[in-house]
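Visitor: One file: query26.tsv (TSV, C-alpha atoms).
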chain	number	residue	atom	x	y	z
A	575	MET	CA	10.81	91.11	34.53
A	576	THR	CA	13.67	91.11	37.04
A	577	ALA	CA	16.01	94.06	36.96
A	578	SER	CA	19.77	93.50	37.13
A	579	LYS	CA	22.07	95.57	39.31
A	580	SER	CA	23.80	98.68	38.04
A	581	SER	CA	27.47	99.35	38.73
A	582	VAL	CA	26.58	102.72	40.31
A	583	LYS	CA	25.93	102.57	44.05
A	584	TRP	CA	23.64	104.83	46.01
A	585	ASN	CA	25.45	107.36	48.23
A	586	SER	CA	25.18	110.99	49.18
A	587	ALA	CA	27.62	112.08	46.48
A	588	HIS	CA	25.14	111.05	43.79
A	589	ASN	CA	22.07	112.67	45.28
A	590	PHE	CA	22.03	115.82	43.16
A	591	CYS	CA	24.21	115.03	40.14
A	592	PRO	CA	22.59	115.24	36.68
A	593	GLU	CA	22.87	111.49	36.20
A	594	ARG	CA	20.78	110.91	39.30
A	595	LEU	CA	18.13	113.34	38.11
A	596	ILE	CA	17.88	111.38	34.87
A	597	GLU	CA	17.68	108.14	36.82
A	598	LEU	CA	14.95	109.57	39.03
A	599	ALA	CA	12.96	110.48	35.92
A	600	LEU	CA	13.38	106.94	34.66
A	601	LEU	CA	12.26	105.62	38.03
A	602	MET	CA	9.06	107.67	37.77
A	603	LEU	CA	8.55	106.20	34.32
A	604	CYS	CA	9.16	102.74	35.72
A	605	LEU	CA	6.31	103.17	38.19
A	606	HIS	CA	3.99	102.77	35.20
A	607	CYS	CA	5.56	99.43	34.25
A	608	PRO	CA	3.61	96.71	36.11
A	609	SER	CA	5.96	93.98	34.86
A	610	VAL	CA	8.94	95.36	36.82
A	611	GLN	CA	9.93	93.36	39.92
A	612	LEU	CA	12.93	94.49	41.94
A	613	GLU	CA	15.28	91.90	43.42
A	614	ASN	CA	15.59	93.56	46.82
A	615	PRO	CA	13.27	96.56	47.22
A	616	SER	CA	14.24	97.03	50.87
A	617	ASP	CA	17.90	97.64	50.11
A	618	PRO	CA	18.48	101.42	49.64
A	619	HIS	CA	21.85	100.73	47.96
A	620	ASN	CA	20.41	99.14	44.87
A	621	VAL	CA	16.67	99.84	44.75
A	622	LEU	CA	17.05	102.91	42.56
A	623	ASP	CA	19.65	101.32	40.29
A	624	GLU	CA	17.52	98.23	39.73
A	625	ALA	CA	14.51	100.40	38.93
A	626	VAL	CA	16.53	102.51	36.50
A	627	VAL	CA	17.76	99.45	34.63
A	628	ALA	CA	14.22	98.10	34.50
A	629	ALA	CA	12.96	101.41	33.15
A	630	LEU	CA	15.68	101.50	30.51
A	631	GLU	CA	14.79	97.98	29.41
A	632	THR	CA	11.18	99.07	29.12
A	633	ILE	CA	12.17	102.00	26.92
A	634	HIS	CA	14.63	100.12	24.74
A	635	HIS	CA	15.34	96.49	23.89
A	636	ILE	CA	17.97	95.23	21.50
A	637	PRO	CA	16.03	94.31	18.34
A	638	PRO	CA	16.20	90.71	17.10
A	639	PRO	CA	19.00	89.97	14.60
A	640	GLU	CA	16.42	89.59	11.82
A	641	ALA	CA	15.62	93.31	12.07
A	642	HIS	CA	18.85	94.22	10.26
A	643	MET	CA	18.88	91.37	7.72
A	644	SER	CA	18.26	91.69	4.00
A	645	THR	CA	15.87	89.38	2.16
A	646	PRO	CA	18.53	86.80	1.16
A	647	GLU	CA	20.00	86.94	4.67
A	648	LEU	CA	16.58	86.32	6.21
A	649	ILE	CA	15.93	83.38	3.91
A	650	ARG	CA	19.32	81.78	4.57
A	651	HIS	CA	18.93	82.48	8.30
A	652	ASN	CA	15.82	80.30	8.20
A	653	ASN	CA	17.63	77.52	6.30
A	654	TYR	CA	15.89	77.93	2.96
A	655	PRO	CA	17.72	78.11	-0.38
A	656	VAL	CA	17.70	81.48	-2.14
A	657	GLU	CA	18.70	82.86	-5.53
A	658	GLU	CA	18.96	86.50	-6.62
A	659	HIS	CA	17.68	87.42	-10.08
A	660	PHE	CA	17.54	90.69	-12.02
A	661	VAL	CA	15.41	91.86	-14.90
A	662	VAL	CA	15.45	95.16	-16.82
A	663	THR	CA	12.08	96.63	-17.77
A	664	GLU	CA	11.22	98.07	-21.17
A	665	ASP	CA	11.69	101.58	-19.75
A	666	GLY	CA	15.09	100.81	-18.19
A	667	TYR	CA	14.48	99.98	-14.49
A	668	ASN	CA	16.60	97.19	-13.01
A	669	LEU	CA	14.39	95.09	-10.75
A	670	THR	CA	15.42	92.46	-8.20
A	671	MET	CA	13.67	89.16	-7.49
A	672	PHE	CA	14.48	86.57	-4.84
A	673	ARG	CA	13.74	82.95	-5.63
A	674	ILE	CA	13.13	80.12	-3.16
A	675	PRO	CA	13.19	77.12	-5.51
A	676	ARG	CA	12.22	74.49	-2.94
A	677	GLY	CA	11.30	74.03	0.70
A	678	LYS	CA	13.47	73.60	3.77
A	679	GLN	CA	13.08	69.83	3.82
A	680	GLY	CA	14.99	69.51	0.57
A	681	LYS	CA	11.98	68.63	-1.53
A	682	PRO	CA	12.87	68.57	-5.23
A	683	GLY	CA	12.22	71.77	-7.16
A	684	GLY	CA	10.32	72.12	-10.37
A	685	GLY	CA	6.98	73.09	-8.87
A	686	GLU	CA	4.69	75.76	-10.26
A	687	PRO	CA	6.25	79.25	-10.09
A	688	VAL	CA	4.39	81.68	-7.83
A	689	ILE	CA	5.02	85.44	-7.75
A	690	ILE	CA	4.58	87.19	-4.39
A	691	GLN	CA	4.28	90.95	-4.88
A	692	HIS	CA	4.46	93.47	-2.04
A	693	ALA	CA	2.39	96.59	-1.38
A	694	LEU	CA	3.18	100.32	-1.56
A	695	LEU	CA	6.26	101.40	0.46
A	696	CYS	CA	7.17	97.75	1.06
A	697	SER	CA	9.69	95.25	-0.29
A	698	SER	CA	10.42	91.54	-0.33
A	699	ASP	CA	11.56	91.88	3.30
A	700	ASP	CA	7.99	92.45	4.46
A	701	TRP	CA	6.93	88.91	3.55
A	702	LEU	CA	9.52	87.44	5.95
A	703	LEU	CA	8.94	89.23	9.27
A	704	ILE	CA	6.52	87.00	11.18
A	705	LEU	CA	8.46	86.02	14.31
A	706	PRO	CA	9.23	83.84	16.17
A	707	ASN	CA	7.42	81.26	14.00
A	708	SER	CA	9.29	82.16	10.82
A	709	GLU	CA	7.97	79.14	8.92
A	710	ASP	CA	4.54	80.81	9.01
A	711	ASN	CA	5.68	83.46	6.49
A	712	LEU	CA	3.96	83.10	3.13
A	713	PRO	CA	7.07	82.46	0.98
A	714	TYR	CA	8.12	79.58	3.25
A	715	VAL	CA	4.59	78.19	3.41
A	716	LEU	CA	4.46	78.05	-0.39
A	717	ALA	CA	8.01	76.71	-0.75
A	718	ASP	CA	7.36	73.91	1.76
A	719	ALA	CA	4.24	73.01	-0.24
A	720	GLY	CA	6.38	72.44	-3.33
A	721	TYR	CA	6.00	75.76	-5.16
A	722	ASP	CA	8.83	77.63	-6.87
A	723	VAL	CA	8.56	80.97	-5.05
A	724	TRP	CA	9.59	84.31	-6.59
A	725	ILE	CA	9.43	87.36	-4.27
A	726	THR	CA	9.47	90.43	-6.51
A	727	ASN	CA	10.46	94.05	-5.86
A	728	SER	CA	8.81	96.85	-7.81
A	729	ARG	CA	10.73	99.92	-8.96
A	730	GLY	CA	11.82	102.42	-6.36
A	731	ASN	CA	12.33	100.25	-3.29
A	732	ASN	CA	15.78	99.46	-1.88
A	733	TYR	CA	16.21	96.36	-4.03
A	734	SER	CA	15.10	97.97	-7.29
A	735	MET	CA	16.85	101.35	-7.15
A	736	LYS	CA	18.78	101.19	-10.42
A	737	HIS	CA	18.13	102.38	-13.97
A	738	LEU	CA	20.09	102.05	-17.18
A	739	THR	CA	20.48	105.82	-17.58
A	740	LEU	CA	18.72	107.62	-14.70
A	741	SER	CA	20.04	108.32	-11.22
A	742	PRO	CA	17.81	107.81	-8.13
A	743	ASP	CA	18.81	111.38	-7.21
A	744	SER	CA	17.02	112.73	-10.28
A	745	LEU	CA	13.35	113.63	-10.57
A	746	ALA	CA	13.15	111.68	-13.81
A	747	PHE	CA	13.88	108.42	-11.97
A	748	TRP	CA	10.84	108.92	-9.74
A	749	ASN	CA	8.45	109.98	-12.49
A	750	PHE	CA	6.28	106.87	-12.24
A	751	SER	CA	3.14	105.62	-10.51
A	752	PHE	CA	1.38	102.31	-10.02
A	753	HIS	CA	0.51	102.49	-13.73
A	754	GLU	CA	4.13	102.07	-14.84
A	755	MET	CA	4.57	99.29	-12.29
A	756	GLY	CA	1.64	97.52	-13.92
A	757	ILE	CA	2.51	98.00	-17.58
A	758	TYR	CA	6.28	97.47	-17.20
A	759	ASP	CA	7.28	95.75	-13.93
A	760	THR	CA	4.67	92.97	-13.78
A	761	PRO	CA	5.11	91.85	-17.44
A	762	SER	CA	8.89	91.83	-16.97
A	763	PHE	CA	8.58	89.58	-13.91
A	764	ILE	CA	6.24	87.18	-15.68
A	765	TYR	CA	8.31	86.84	-18.86
A	766	TYR	CA	11.59	86.42	-17.00
A	767	ILE	CA	10.26	83.77	-14.61
A	768	LEU	CA	8.58	81.71	-17.34
A	769	GLU	CA	11.69	81.86	-19.50
A	770	THR	CA	13.97	80.92	-16.59
A	771	THR	CA	11.83	78.02	-15.37
A	772	GLY	CA	10.68	76.75	-18.76
A	773	LYS	CA	7.07	76.76	-17.55
A	774	SER	CA	4.12	77.97	-19.62
A	775	GLN	CA	2.12	79.37	-16.68
A	776	LEU	CA	2.57	80.70	-13.17
A	777	SER	CA	0.36	81.91	-10.32
A	778	TYR	CA	0.42	85.28	-8.58
A	779	VAL	CA	-0.21	86.46	-5.01
A	780	GLY	CA	-0.46	90.22	-4.51
A	781	HIS	CA	-1.12	92.43	-1.52
A	782	SER	CA	-2.70	95.89	-1.84
A	783	MET	CA	-0.77	97.73	-4.58
A	784	GLY	CA	0.58	94.36	-5.67
A	785	CYS	CA	-2.99	93.60	-6.78
A	786	SER	CA	-3.35	96.95	-8.58
A	787	MET	CA	-0.17	96.24	-10.54
A	788	PHE	CA	-1.46	92.86	-11.60
A	789	PHE	CA	-4.88	94.10	-12.72
A	790	ILE	CA	-3.31	96.92	-14.73
A	791	ALA	CA	-0.93	94.46	-16.41
A	792	MET	CA	-3.77	92.10	-17.33
A	793	ILE	CA	-5.99	94.94	-18.61
A	794	ARG	CA	-3.34	96.78	-20.62
A	795	HIS	CA	-1.63	93.55	-21.82
A	796	PRO	CA	-4.49	91.04	-22.19
A	797	TYR	CA	-2.25	88.48	-23.90
A	798	LEU	CA	-0.55	87.98	-20.50
A	799	GLN	CA	-3.71	86.45	-19.04
A	800	SER	CA	-3.04	83.08	-20.69
A	801	LYS	CA	0.29	82.94	-18.81
A	802	VAL	CA	-1.28	83.21	-15.34
A	803	ARG	CA	-3.16	80.21	-14.00
A	804	LYS	CA	-4.51	81.76	-10.78
A	805	MET	CA	-4.32	85.04	-8.88
A	806	VAL	CA	-4.80	85.67	-5.15
A	807	ALA	CA	-5.76	89.27	-4.30
A	808	LEU	CA	-5.14	90.17	-0.64
A	809	ALA	CA	-6.80	93.49	0.24
A	810	PRO	CA	-6.74	94.72	-3.38
A	811	ALA	CA	-6.06	98.48	-3.46
A	812	THR	CA	-8.19	99.68	-6.36
A	813	TYR	CA	-11.00	101.50	-4.58
A	814	PHE	CA	-10.84	103.39	-1.28
A	815	MET	CA	-14.49	104.23	-0.77
A	816	GLY	CA	-15.10	105.63	2.73
A	817	THR	CA	-11.59	104.89	3.96
A	818	ASN	CA	-11.20	105.36	7.73
A	819	SER	CA	-7.45	105.96	7.61
A	820	PRO	CA	-6.86	109.45	9.10
A	821	ALA	CA	-3.50	109.71	7.33
A	822	ALA	CA	-4.98	108.87	3.92
A	823	ILE	CA	-7.92	111.23	4.42
A	824	VAL	CA	-5.70	114.17	5.39
A	825	LEU	CA	-3.23	113.61	2.55
A	826	ALA	CA	-6.06	113.20	0.08
A	827	LEU	CA	-7.16	116.77	0.83
A	828	VAL	CA	-3.98	118.05	-0.83
A	829	PRO	CA	-4.51	118.56	-4.60
A	830	SER	CA	-2.44	116.11	-6.66
A	831	PRO	CA	-0.38	118.77	-8.50
A	832	ILE	CA	0.50	120.49	-5.21
A	833	LEU	CA	1.43	117.18	-3.57
A	834	GLN	CA	3.61	116.30	-6.56
A	835	MET	CA	5.26	119.72	-6.47
A	836	LEU	CA	6.07	119.31	-2.76
A	837	LEU	CA	7.56	115.87	-3.38
A	838	ASP	CA	9.59	117.18	-6.30
A	839	THR	CA	10.86	120.20	-4.37
A	840	PHE	CA	11.68	118.73	-0.98
A	841	LYS	CA	12.15	115.00	-1.56
A	842	GLN	CA	13.47	114.70	-5.11
A	843	GLY	CA	10.27	112.95	-6.15
A	844	ARG	CA	10.45	110.31	-3.42
A	845	VAL	CA	7.80	109.57	-0.83
A	846	LEU	CA	10.60	109.80	1.74
A	847	ALA	CA	13.74	111.88	1.20
A	848	SER	CA	16.79	109.71	0.56
A	849	GLY	CA	18.52	110.74	3.79
A	850	VAL	CA	15.40	110.09	5.86
A	851	ASN	CA	14.88	106.73	4.19
A	852	LYS	CA	18.44	105.60	4.93
A	853	TRP	CA	18.25	106.84	8.51
A	854	LEU	CA	15.00	104.94	9.10
A	855	ASN	CA	16.44	101.78	7.58
A	856	ASP	CA	19.53	102.02	9.81
A	857	ASN	CA	17.83	103.08	13.02
A	858	GLY	CA	14.18	102.04	12.73
A	859	PRO	CA	14.61	98.58	14.32
A	860	SER	CA	16.33	100.06	17.37
A	861	LEU	CA	13.91	102.97	17.68
A	862	CYS	CA	10.93	100.62	17.65
A	863	SER	CA	12.37	98.18	20.20
A	864	GLY	CA	11.18	98.21	23.78
A	865	THR	CA	7.69	98.47	25.22
A	866	ILE	CA	7.13	102.21	24.93
A	867	PRO	CA	8.79	102.83	21.50
A	868	ALA	CA	7.11	99.72	20.06
A	869	ASP	CA	3.73	101.05	21.16
A	870	MET	CA	4.47	104.40	19.51
A	871	CYS	CA	5.54	102.72	16.25
A	872	MET	CA	2.48	100.48	16.25
A	873	ASN	CA	0.18	103.41	16.82
A	874	LEU	CA	1.73	105.26	13.90
A	875	ILE	CA	1.12	102.25	11.63
A	876	PHE	CA	-2.37	101.66	13.00
A	877	PHE	CA	-3.15	105.34	12.40
A	878	ILE	CA	-2.83	104.51	8.70
A	879	VAL	CA	-4.12	100.96	8.29
A	880	GLY	CA	-6.39	100.14	11.27
A	881	TYR	CA	-5.87	98.83	14.79
A	882	ASP	CA	-4.99	95.24	15.66
A	883	PHE	CA	-2.77	95.08	18.74
A	884	LYS	CA	-3.30	91.34	19.17
A	885	GLN	CA	-1.67	90.31	15.91
A	886	THR	CA	1.24	92.70	15.41
A	887	THR	CA	4.60	90.97	15.64
A	888	ASN	CA	6.96	93.45	13.91
A	889	VAL	CA	6.87	96.30	13.12
A	890	SER	CA	2.14	109.56	-3.34
A	891	ASN	CA	1.31	107.61	-6.06
A	892	THR	CA	-1.66	105.76	-4.59
A	893	LEU	CA	-3.05	108.69	-2.60
A	894	PRO	CA	-4.97	110.17	-5.55
A	895	LEU	CA	-7.11	107.01	-5.61
A	896	VAL	CA	-8.57	108.07	-2.26
A	897	LYS	CA	-10.00	111.21	-3.87
A	898	GLN	CA	-12.12	109.61	-6.56
A	899	ASP	CA	-14.59	106.80	-6.84
A	900	SER	CA	-12.83	105.05	-9.72
A	901	PHE	CA	-9.81	102.90	-10.56
A	902	GLN	CA	-7.91	105.03	-13.05
A	903	GLU	CA	-4.53	106.16	-14.30
A	904	PHE	CA	-2.63	108.91	-12.50
A	905	ASP	CA	-4.42	112.25	-12.31
A	906	TYR	CA	-2.10	115.06	-13.46
A	907	GLY	CA	-4.77	117.76	-13.15
A	908	PHE	CA	-6.82	119.13	-16.06
A	909	LEU	CA	-3.90	120.62	-17.99
A	910	GLY	CA	-1.60	117.71	-17.32
A	911	ASN	CA	-4.29	115.22	-18.30
A	912	LEU	CA	-4.92	117.08	-21.57
A	913	GLN	CA	-1.24	116.97	-22.40
A	914	ARG	CA	-0.79	113.31	-21.48
A	915	TYR	CA	-4.15	111.69	-22.28
A	916	GLY	CA	-5.92	114.21	-24.50
A	917	THR	CA	-8.82	114.38	-22.03
A	918	LEU	CA	-9.61	116.36	-18.90
A	919	PHE	CA	-9.82	113.19	-16.82
A	920	PRO	CA	-7.47	110.19	-16.75
A	921	PRO	CA	-8.51	106.91	-18.44
A	922	LYS	CA	-10.16	104.29	-16.23
A	923	TYR	CA	-9.17	100.66	-15.87
A	924	ASN	CA	-11.96	98.21	-16.67
A	925	LEU	CA	-11.64	95.41	-14.12
A	926	THR	CA	-14.08	93.20	-16.04
A	927	GLU	CA	-11.32	92.73	-18.64
A	928	ASN	CA	-9.29	90.69	-16.16
A	929	ASN	CA	-10.34	87.07	-16.78
A	930	VAL	CA	-7.66	85.34	-14.72
A	931	ALA	CA	-9.24	83.10	-12.06
A	932	THR	CA	-9.05	85.26	-8.93
A	933	PHE	CA	-9.46	84.69	-5.18
A	934	VAL	CA	-10.18	87.89	-3.21
A	935	MET	CA	-9.61	88.16	0.56
A	936	TRP	CA	-10.18	91.25	2.70
A	937	GLY	CA	-9.97	92.30	6.35
A	938	LEU	CA	-12.99	93.44	8.32
A	939	ASN	CA	-10.84	95.94	10.25
A	940	ASP	CA	-8.98	97.28	7.21
A	941	TRP	CA	-9.12	101.09	7.26
A	942	LEU	CA	-7.62	101.47	3.78
A	943	VAL	CA	-9.47	98.82	1.74
A	944	LYS	CA	-12.83	98.55	3.46
A	945	PRO	CA	-15.22	95.63	2.92
A	946	THR	CA	-17.35	97.84	0.65
A	947	SER	CA	-14.32	98.42	-1.59
A	948	ALA	CA	-13.54	94.71	-1.65
A	949	ALA	CA	-17.15	93.99	-2.58
A	950	ARG	CA	-16.88	96.36	-5.51
A	951	ASN	CA	-13.74	94.59	-6.70
A	952	ILE	CA	-15.51	91.25	-6.52
A	953	HIS	CA	-18.46	92.62	-8.48
A	954	GLU	CA	-16.36	94.18	-11.23
A	955	LEU	CA	-13.54	91.68	-11.74
A	956	GLY	CA	-14.13	89.41	-14.70
A	957	ASN	CA	-13.46	86.01	-13.12
A	958	VAL	CA	-13.65	85.90	-9.30
A	959	THR	CA	-13.93	82.21	-8.47
A	960	ARG	CA	-13.63	82.58	-4.69
A	961	SER	CA	-13.97	85.42	-2.19
A	962	GLU	CA	-14.08	85.66	1.58
A	963	ALA	CA	-13.40	87.95	4.50
A	964	VAL	CA	-10.70	86.99	6.98
A	965	LYS	CA	-12.47	85.38	9.90
A	966	ASP	CA	-10.53	87.39	12.49
A	967	LYS	CA	-12.68	90.52	12.92
A	968	TRP	CA	-9.64	92.62	13.93
A	969	PHE	CA	-7.59	91.81	10.82
A	970	ASN	CA	-6.23	95.03	9.26
A	971	HIS	CA	-4.43	95.98	6.05
A	972	LEU	CA	-0.88	95.04	7.10
A	973	ASP	CA	-1.92	91.91	8.98
A	974	PHE	CA	-1.85	90.09	5.63
A	975	MET	CA	1.96	90.24	5.95
A	976	TYR	CA	2.69	90.64	9.66
A	977	ALA	CA	-0.05	89.01	11.77
A	978	LYS	CA	0.88	86.13	14.06
A	979	ASN	CA	-2.16	84.23	12.79
A	980	ALA	CA	-1.72	85.11	9.10
A	981	LYS	CA	-0.95	81.50	8.17
A	982	GLU	CA	-4.12	80.17	9.73
A	983	MET	CA	-6.33	83.08	8.64
A	984	VAL	CA	-4.96	83.67	5.13
A	985	TYR	CA	-2.03	81.61	3.86
A	986	ASP	CA	-3.64	78.20	4.37
A	987	HIS	CA	-6.59	79.46	2.29
A	988	CYS	CA	-4.17	80.60	-0.43
A	989	LEU	CA	-2.61	77.14	-0.50
A	990	GLU	CA	-6.00	75.50	-0.74
A	991	TYR	CA	-7.02	77.75	-3.63
A	992	LEU	CA	-3.79	77.31	-5.59
A	993	ALA	CA	-3.95	73.53	-5.17
A	994	ASP	CA	-7.46	73.21	-6.68
Do you think you could lay out the structure here as structure tokens?

Guide:
Amino acid sequence: MTASKSSVKWNSAHNFCPERLIELALLMLCLHCPSVQLENPSDPHNVLDEAVVAALETIHHIPPPEAHMSTPELIRHNNYPVEEHFVVTEDGYNLTMFRIPRGKQGKPGGGEPVIIQHALLCSSDDWLLILPNSEDNLPYVLADAGYDVWITNSRGNNYSMKHLTLSPDSLAFWNFSFHEMGIYDTPSFIYYILETTGKSQLSYVGHSMGCSMFFIAMIRHPYLQSKVRKMVALAPATYFMGTNSPAAIVLALVPSPILQMLLDTFKQGRVLASGVNKWLNDNGPSLCSGTIPADMCMNLIFFIVGYDFKQTTNVSNTLPLVKQDSFQEFDYGFLGNLQRYGTLFPPKYNLTENNVATFVMWGLNDWLVKPTSAARNIHELGNVTRSEAVKDKWFNHLDFMYAKNAKEMVYDHCLEYLAD
């Protein structure tokens, strides 16, 4: 890159001022930036200033405007129609869904409804962040193919933070796990969408925890299975056998009751304290902009899900699953399990009871849901009609949402399966 000139000129008065010391430090940093090219390196009046500006640009870039947009803003920004819908679950949570009823080209609506459900710690935003080729995002791919797209938000994320009687600042609000998402959230989405559209069936695409929610709903409410034509399971998070994720392994060493107590005491039951969560939402895009910060942010994510530098474009309740070799309800410890379930161990989910036609895809470089875990899902699920690994050997857990080649590697296969 070419550095622009700073307004500060080099002279003896600046030689030892604190600002110059900072600039000198930045210059040293800039020496490690091979992309920096100075306009006039022989001119002592601007060589340092140009290098400082170049170093600052390396450390921090202004994030793209999409980084601060909400889901409806992102959809409108990309010239797609959007509707906002709300549904209240049986246990009182107010959930938000965003609907894209037709594609950008103005194709008539009325196509088959398709639910797109996010993973743990995610939201509807995460399905819309592939840049600069925004049309490669899954919701747009499906909408342009004629589907009626519904991007859902499970309880507890920024779009589904309301309850009829409970405050998000109370522990009672956060007293849920993936089980409640499955037995309450998923059925509420399905019933609302079918009633709104007048259709008798829909299809479902889930990623990670979004798959767990679906399987739990189908197992605990088997009558729902007739309302779902097809399901696409992207990196289904039911088993974590031999996970390579250092973060998951370390956290899994903490006993569930102790982890829950820490969350209750210091974070009001949340995975992230409310103040931290708001600060990250407000400042995360800026903090992760620029070469050096972006690398740090990517490494933090890769530390959890697996490395894939080539494909990255943007940047408590599931942890117990890492500890056991079974897909089961939340483990409250022996005493808690006796009080809640009447047994020492939590009940297991029987995946063979899910008879919805299912397509399973997994990543070969996924540190959370390894190929062996995906294979177990395929073996146990009651009606897997198609299964395949992503052909990109570096594809990791979050690449299903963020990878530059996600359309080619995954979404086109989803389209093909849903169209059969």

Visitor: Could you tell me how far atom CA of Leu938 of chain A lies from atom CA of Tyr976 of chain A, in Å and to one decimal?

Guide: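 Between atom CA of Leu938 of chain A and atom CA of Tyr976 of chain A the gap is 16.0 Å.
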
Visitor: Do you have the atom CA of Phe763 of chain A-atom CA of Gln902 of chain A distance handy?

Guide: 22.6 Å

Visitor: Report the distance between atom CA of His737 of chain A and atom CA of Val662 of chain A in Å, rounded to one decimal place.

Guide: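 About the pair atom CA of His737 of chain A and atom CA of Val662 of chain A: they are 8.2 Å apart.
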
Visitor: Kindly indicate which residue among A:Ala963, A:Leu972, A:Leu694, A:Ile757 lies nearest to Asp665 of chain A, using all atoms listed in the file for the distances.

Guide: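 Nearest candidate to Asp665 of chain A out of A:Ala963, A:Leu972, A:Leu694, A:Ile757: A:Ile757.
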
Visitor: For a quick check of understanding, using all atoms listed in the file, which of A:Ser744, A:Ser734, A:Thr760, A:Thr932 has the smallest distance to His795 of chain A?

Guide: A:Thr760

Visitor: Within 6 Å of (-8.7, 85.4, -3.5), only C-alpha atoms: residues as number ranges by chain?

Guide: A: 806-807, 932-935, 960-961

Visitor: For Trp941 of chain A, which of A:Ala809, A:Ala980, A:Ile793, A:Leu669 is the closest residue, counting all atoms listed in the file?

Guide: A:Ala809

Visitor: Can you find the residues with an atom no farther than 9 Å from (9.1, 94.8, 0.9), counting only C-alpha atoms, and report them as a PDB file with C-alpha atoms, in the coordinates of the input?

Guide:
ATOM      1  CA  THR A 645      15.870  89.380   2.160  1.00  0.00           C
ATOM      2  CA  GLN A 691       4.280  90.950  -4.880  1.00  0.00           C
ATOM      3  CA  HIS A 692       4.460  93.470  -2.040  1.00  0.00           C
ATOM      4  CA  ALA A 693       2.390  96.590  -1.380  1.00  0.00           C
ATOM      5  CA  LEU A 694       3.180 100.320  -1.560  1.00  0.00           C
ATOM      6  CA  LEU A 695       6.260 101.400   0.460  1.00  0.00           C
ATOM      7  CA  CYS A 696       7.170  97.750   1.060  1.00  0.00           C
ATOM      8  CA  SER A 697       9.690  95.250  -0.290  1.00  0.00           C
ATOM      9  CA  SER A 698      10.420  91.540  -0.330  1.00  0.00           C
ATOM     10  CA  ASP A 699      11.560  91.880   3.300  1.00  0.00           C
ATOM     11  CA  ASP A 700       7.990  92.450   4.460  1.00  0.00           C
ATOM     12  CA  TRP A 701       6.930  88.910   3.550  1.00  0.00           C
ATOM     13  CA  LEU A 702       9.520  87.440   5.950  1.00  0.00           C
ATOM     14  CA  THR A 726       9.470  90.430  -6.510  1.00  0.00           C
ATOM     15  CA  ASN A 727      10.460  94.050  -5.860  1.00  0.00           C
ATOM     16  CA  SER A 728       8.810  96.850  -7.810  1.00  0.00           C
ATOM     17  CA  ASN A 731      12.330 100.250  -3.290  1.00  0.00           C
ATOM     18  CA  ASN A 732      15.780  99.460  -1.880  1.00  0.00           C
ATOM     19  CA  TYR A 733      16.210  96.360  -4.030  1.00  0.00           C
TER      20      TYR A 733
END

Visitor: For Trp968 of chain A, which of A:Asp940, A:Glu686, A:Glu954, A:Asp986 is the closest residue, counting only C-alpha atoms?

Guide: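 Comparing A:Asp940, A:Glu686, A:Glu954, A:Asp986 against Trp968 of chain A, the winner is A:Asp940.
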
Visitor: Hey, what's within 12 Å of Thr739 of chain A if we count all atoms listed in the file and toss same-chain stuff fewer than 4 positions away? As a CSV table (one decimal) with C-alpha atoms, in the frame of the given file, please?

Guide:
chain,number,residue,atom,x,y,z
A,662,VAL,CA,15.4,95.2,-16.8
A,665,ASP,CA,11.7,101.6,-19.8
A,666,GLY,CA,15.1,100.8,-18.2
A,667,TYR,CA,14.5,100.0,-14.5
A,668,ASN,CA,16.6,97.2,-13.0
A,735,MET,CA,16.8,101.4,-7.2
A,743,ASP,CA,18.8,111.4,-7.2
A,744,SER,CA,17.0,112.7,-10.3
A,746,ALA,CA,13.2,111.7,-13.8
A,747,PHE,CA,13.9,108.4,-12.0

Visitor: From the set A:Glu754, A:Glu640, A:Glu982, A:Glu658, which residue has the shortest atom-to-atom contact distance to Ser708 of chain A, counting only C-alpha atoms?

Guide: A:Glu640

Visitor: Model the absent atoms of segment 941-948 of chain A so that N, CA and C atoms are present, and write the result as an mmCIF file, in the coordinates of the input.

Guide:
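Result went into selection35.cif, see below:
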data_model
loop_
_atom_site.group_PDB
_atom_site.id
_atom_site.type_symbol
_atom_site.label_atom_id
_atom_site.label_comp_id
_atom_site.auth_asym_id
_atom_site.auth_seq_id
_atom_site.Cartn_x
_atom_site.Cartn_y
_atom_site.Cartn_z
ATOM 1 N N TRP A 941 -8.700 99.699 7.406
ATOM 2 C CA TRP A 941 -9.120 101.090 7.260
ATOM 3 C C TRP A 941 -8.841 101.630 5.861
ATOM 4 N N LEU A 942 -7.951 100.992 5.128
ATOM 5 C CA LEU A 942 -7.620 101.470 3.780
ATOM 6 C C LEU A 942 -8.539 100.857 2.734
ATOM 7 N N VAL A 943 -8.597 99.528 2.701
ATOM 8 C CA VAL A 943 -9.470 98.820 1.740
ATOM 9 C C VAL A 943 -10.608 98.220 2.542
ATOM 10 N N LYS A 944 -11.698 98.967 2.645
ATOM 11 C CA LYS A 944 -12.830 98.550 3.460
ATOM 12 C C LYS A 944 -13.607 97.432 2.769
ATOM 13 N N PRO A 945 -14.422 96.694 3.520
ATOM 14 C CA PRO A 945 -15.220 95.630 2.920
ATOM 15 C C PRO A 945 -16.068 96.095 1.737
ATOM 16 N N THR A 946 -16.552 97.342 1.773
ATOM 17 C CA THR A 946 -17.350 97.840 0.650
ATOM 18 C C THR A 946 -16.501 97.962 -0.612
ATOM 19 N N SER A 947 -15.222 98.345 -0.446
ATOM 20 C CA SER A 947 -14.320 98.420 -1.590
ATOM 21 C C SER A 947 -14.006 97.030 -2.130
ATOM 22 N N ALA A 948 -13.794 96.087 -1.220
ATOM 23 C CA ALA A 948 -13.540 94.710 -1.650
ATOM 24 C C ALA A 948 -14.735 94.152 -2.400
#
